[in-house]
Amino acid sequence: MRAAGWKSIAWGGVQFAVPREWEPGRIGPRHLLLECDTGPTMEIKWGPAGRRFSSRRHLRRLAREVGRAGAVFQERALPADGGTAPEPVEGLGFEWKGKDGG
């Protein structure tokens, strides 16, 4: 049972809970952008990454870029009750907060 204020979103074989005020803003074959009244809130992309791609390295690079802009970046664990991604998909979560949003 979902907590009050949350709703389920499902697309491309993936289902997760988001705050009730978030709505799909853009949908593509491998892309989903959620937004609310104040603008974009969460973006999800998926697809083949290639053999040399490292999600950890990508997150470190993103953290440096966000830090240079004066924001705070934190890796976040995905919810334990959210199920597991099908192989070979890897799921990572993060949060950033800056003066203009997060």
# chains A, B, ... in the order shown; residues from 1 in each chain; ligands from 1
call {"tool": "residues_around", "arguments": {"residues": "region 89-99 of chain A", "least_positions_apart": "5", "cutoff": "10 Å", "atoms": "only C-alpha atoms", "output": "number ranges by chain"}}
result
A: 42, 46-49, 55-56, 59, 62-63, 66-67, 69-79, 84
call {"tool": "select_by_dssp", "arguments": {"residues": "region 12-81 of chain A", "states": "strand (DSSP E or B)", "output": "MDAnalysis selection string"}}
result
chainID A and resid 14:19 23:28 31:36 39:45 72:76
call {"tool": "closest_atom_pairs", "arguments": {"of": "region 25-80 of chain A", "to": "region 6-21 of chain A", "cutoff": "9 Å", "atoms": "only C-alpha atoms", "output": "CSV"}}
result
residue,atom,partner,partner_atom,distance
A:Ile27,CA,A:Trp11,CA,8.9
A:Pro29,CA,A:Gly12,CA,7.7
A:Arg30,CA,A:Gly12,CA,7.7
A:Leu32,CA,A:Trp11,CA,8.0
A:Glu35,CA,A:Glu21,CA,8.3
A:Cys36,CA,A:Glu21,CA,6.0
A:Asp37,CA,A:Glu21,CA,8.1
call {"tool": "select_by_dssp", "arguments": {"residues": "chain A", "states": "helix (DSSP H, G or I)", "output": "PyMOL selection string"}}
result
chain A and resi 55-68+80-82
call {"tool": "write_last_selection", "arguments": {"atoms": "all heavy atoms", "output": "CSV table (one decimal), in the first residue's frame"}}
result
chain,number,residue,atom,x,y,z
A,55,SER,N,28.8,3.4,-14.4
A,55,SER,CA,27.8,4.3,-13.8
A,55,SER,C,28.4,5.0,-12.6
A,55,SER,O,28.1,6.2,-12.3
A,55,SER,CB,26.6,3.5,-13.3
A,55,SER,OG,27.0,2.4,-12.5
A,56,ARG,N,29.3,4.4,-11.9
A,56,ARG,CA,30.0,5.1,-10.7
A,56,ARG,C,30.8,6.2,-11.2
A,56,ARG,O,30.8,7.3,-10.6
A,56,ARG,CB,30.9,4.1,-10.0
A,56,ARG,CG,30.1,3.0,-9.3
A,56,ARG,CD,29.6,3.4,-8.0
A,56,ARG,NE,28.7,2.3,-7.5
A,56,ARG,CZ,27.6,2.5,-6.8
A,56,ARG,NH1,27.2,3.7,-6.5
A,56,ARG,NH2,26.9,1.5,-6.4
A,57,ARG,N,31.6,6.0,-12.3
A,57,ARG,CA,32.4,7.1,-12.9
A,57,ARG,C,31.5,8.2,-13.4
A,57,ARG,O,31.8,9.4,-13.2
A,57,ARG,CB,33.3,6.5,-14.0
A,57,ARG,CG,34.3,7.5,-14.5
A,57,ARG,CD,35.3,6.9,-15.5
A,57,ARG,NE,34.6,6.3,-16.6
A,57,ARG,CZ,34.8,5.0,-17.0
A,57,ARG,NH1,35.5,4.2,-16.3
A,57,ARG,NH2,34.1,4.5,-18.0
A,58,HIS,N,30.4,7.9,-14.0
A,58,HIS,CA,29.5,8.9,-14.5
A,58,HIS,C,28.9,9.7,-13.3
A,58,HIS,O,28.8,11.0,-13.4
A,58,HIS,CB,28.3,8.2,-15.2
A,58,HIS,CG,27.4,9.2,-15.9
A,58,HIS,ND1,27.8,10.0,-17.0
A,58,HIS,CD2,26.1,9.5,-15.6
A,58,HIS,CE1,26.8,10.7,-17.3
A,58,HIS,NE2,25.8,10.5,-16.5
A,59,LEU,N,28.5,9.1,-12.2
A,59,LEU,CA,28.0,9.8,-11.0
A,59,LEU,C,29.1,10.7,-10.4
A,59,LEU,O,28.8,11.8,-10.0
A,59,LEU,CB,27.5,8.8,-10.0
A,59,LEU,CG,26.1,8.3,-10.2
A,59,LEU,CD1,25.7,7.4,-9.0
A,59,LEU,CD2,25.1,9.4,-10.4
A,60,ARG,N,30.3,10.2,-10.3
A,60,ARG,CA,31.4,11.1,-9.8
A,60,ARG,C,31.6,12.3,-10.7
A,60,ARG,O,31.8,13.4,-10.2
A,60,ARG,CB,32.7,10.3,-9.7
A,60,ARG,CG,32.8,9.3,-8.6
A,60,ARG,CD,34.2,8.8,-8.3
A,60,ARG,NE,34.8,8.2,-9.5
A,60,ARG,CZ,34.8,6.9,-9.8
A,60,ARG,NH1,34.1,6.1,-9.0
A,60,ARG,NH2,35.4,6.5,-10.9
A,61,ARG,N,31.5,12.2,-12.0
A,61,ARG,CA,31.7,13.3,-12.9
A,61,ARG,C,30.5,14.3,-12.7
A,61,ARG,O,30.7,15.5,-12.6
A,61,ARG,CB,31.7,12.8,-14.3
A,61,ARG,CG,32.0,13.9,-15.3
A,61,ARG,CD,32.1,13.4,-16.8
A,61,ARG,NE,32.6,12.0,-16.9
A,61,ARG,CZ,32.0,11.1,-17.6
A,61,ARG,NH1,30.9,11.3,-18.2
A,61,ARG,NH2,32.5,9.8,-17.6
A,62,LEU,N,29.3,13.7,-12.6
A,62,LEU,CA,28.1,14.6,-12.3
A,62,LEU,C,28.2,15.3,-11.0
A,62,LEU,O,27.9,16.5,-10.9
A,62,LEU,CB,26.9,13.7,-12.3
A,62,LEU,CG,25.5,14.4,-12.2
A,62,LEU,CD1,25.3,15.5,-13.3
A,62,LEU,CD2,24.4,13.4,-12.2
A,63,ALA,N,28.7,14.6,-10.0
A,63,ALA,CA,28.9,15.3,-8.6
A,63,ALA,C,29.9,16.4,-8.7
A,63,ALA,O,29.7,17.5,-8.1
A,63,ALA,CB,29.4,14.2,-7.6
A,64,ARG,N,31.0,16.3,-9.5
A,64,ARG,CA,31.9,17.4,-9.6
A,64,ARG,C,31.3,18.6,-10.3
A,64,ARG,O,31.5,19.7,-9.9
A,64,ARG,CB,33.2,16.9,-10.4
A,64,ARG,CG,34.2,16.1,-9.6
A,64,ARG,CD,35.5,16.0,-10.4
A,64,ARG,NE,35.3,15.4,-11.7
A,64,ARG,CZ,35.3,14.1,-12.0
A,64,ARG,NH1,35.5,13.2,-11.1
A,64,ARG,NH2,35.2,13.7,-13.3
A,65,GLU,N,30.6,18.3,-11.4
A,65,GLU,CA,29.9,19.4,-12.1
A,65,GLU,C,28.9,20.1,-11.3
A,65,GLU,O,28.9,21.4,-11.3
A,65,GLU,CB,29.2,18.9,-13.4
A,65,GLU,CG,30.2,18.4,-14.5
A,65,GLU,CD,29.4,17.8,-15.6
A,65,GLU,OE1,28.2,18.0,-15.8
A,65,GLU,OE2,30.1,17.0,-16.4
A,66,VAL,N,28.1,19.4,-10.5
A,66,VAL,CA,27.1,20.0,-9.7
A,66,VAL,C,27.8,20.8,-8.5
A,66,VAL,O,27.4,21.9,-8.2
A,66,VAL,CB,26.2,18.9,-9.1
A,66,VAL,CG1,25.3,19.5,-8.0
A,66,VAL,CG2,25.3,18.3,-10.2
A,67,GLY,N,28.9,20.2,-8.0
A,67,GLY,CA,29.7,20.9,-6.9
A,67,GLY,C,30.3,22.2,-7.4
A,67,GLY,O,30.3,23.2,-6.6
A,68,ARG,N,30.8,22.2,-8.6
A,68,ARG,CA,31.3,23.5,-9.2
A,68,ARG,C,30.3,24.6,-9.2
A,68,ARG,O,30.6,25.8,-9.2
A,68,ARG,CB,31.9,23.3,-10.5
A,68,ARG,CG,33.3,22.6,-10.5
A,68,ARG,CD,33.9,22.6,-11.9
A,68,ARG,NE,34.6,21.4,-12.0
A,68,ARG,CZ,34.4,20.4,-12.9
A,68,ARG,NH1,33.5,20.5,-13.8
A,68,ARG,NH2,35.1,19.3,-12.9
A,80,ALA,N,14.3,-0.2,-0.9
A,80,ALA,CA,14.4,-1.7,-0.8
A,80,ALA,C,13.2,-2.4,-1.3
A,80,ALA,O,13.2,-3.5,-1.8
A,80,ALA,CB,14.8,-2.1,0.6
A,81,ASP,N,12.0,-1.7,-1.1
A,81,ASP,CA,10.8,-2.4,-1.5
A,81,ASP,C,10.4,-2.1,-3.0
A,81,ASP,O,9.3,-2.5,-3.4
A,81,ASP,CB,9.6,-1.9,-0.6
A,81,ASP,CG,9.3,-0.4,-0.7
A,81,ASP,OD1,10.1,0.3,-1.4
A,81,ASP,OD2,8.3,0.0,-0.2
A,82,GLY,N,11.3,-1.5,-3.7
A,82,GLY,CA,11.1,-1.2,-5.1
A,82,GLY,C,11.3,-2.3,-6.1
A,82,GLY,O,11.2,-2.2,-7.3
call {"tool": "atom_distance", "arguments": {"atom1": "CA of Thr41 (chain A)", "atom2": "CA of Glu23 (chain A)"}}
result
9.2 Å
call {"tool": "atom_distance", "arguments": {"atom1": "CA of Gly5 (chain A)", "atom2": "CA of Pro40 (chain A)"}}
result
18.3 Å
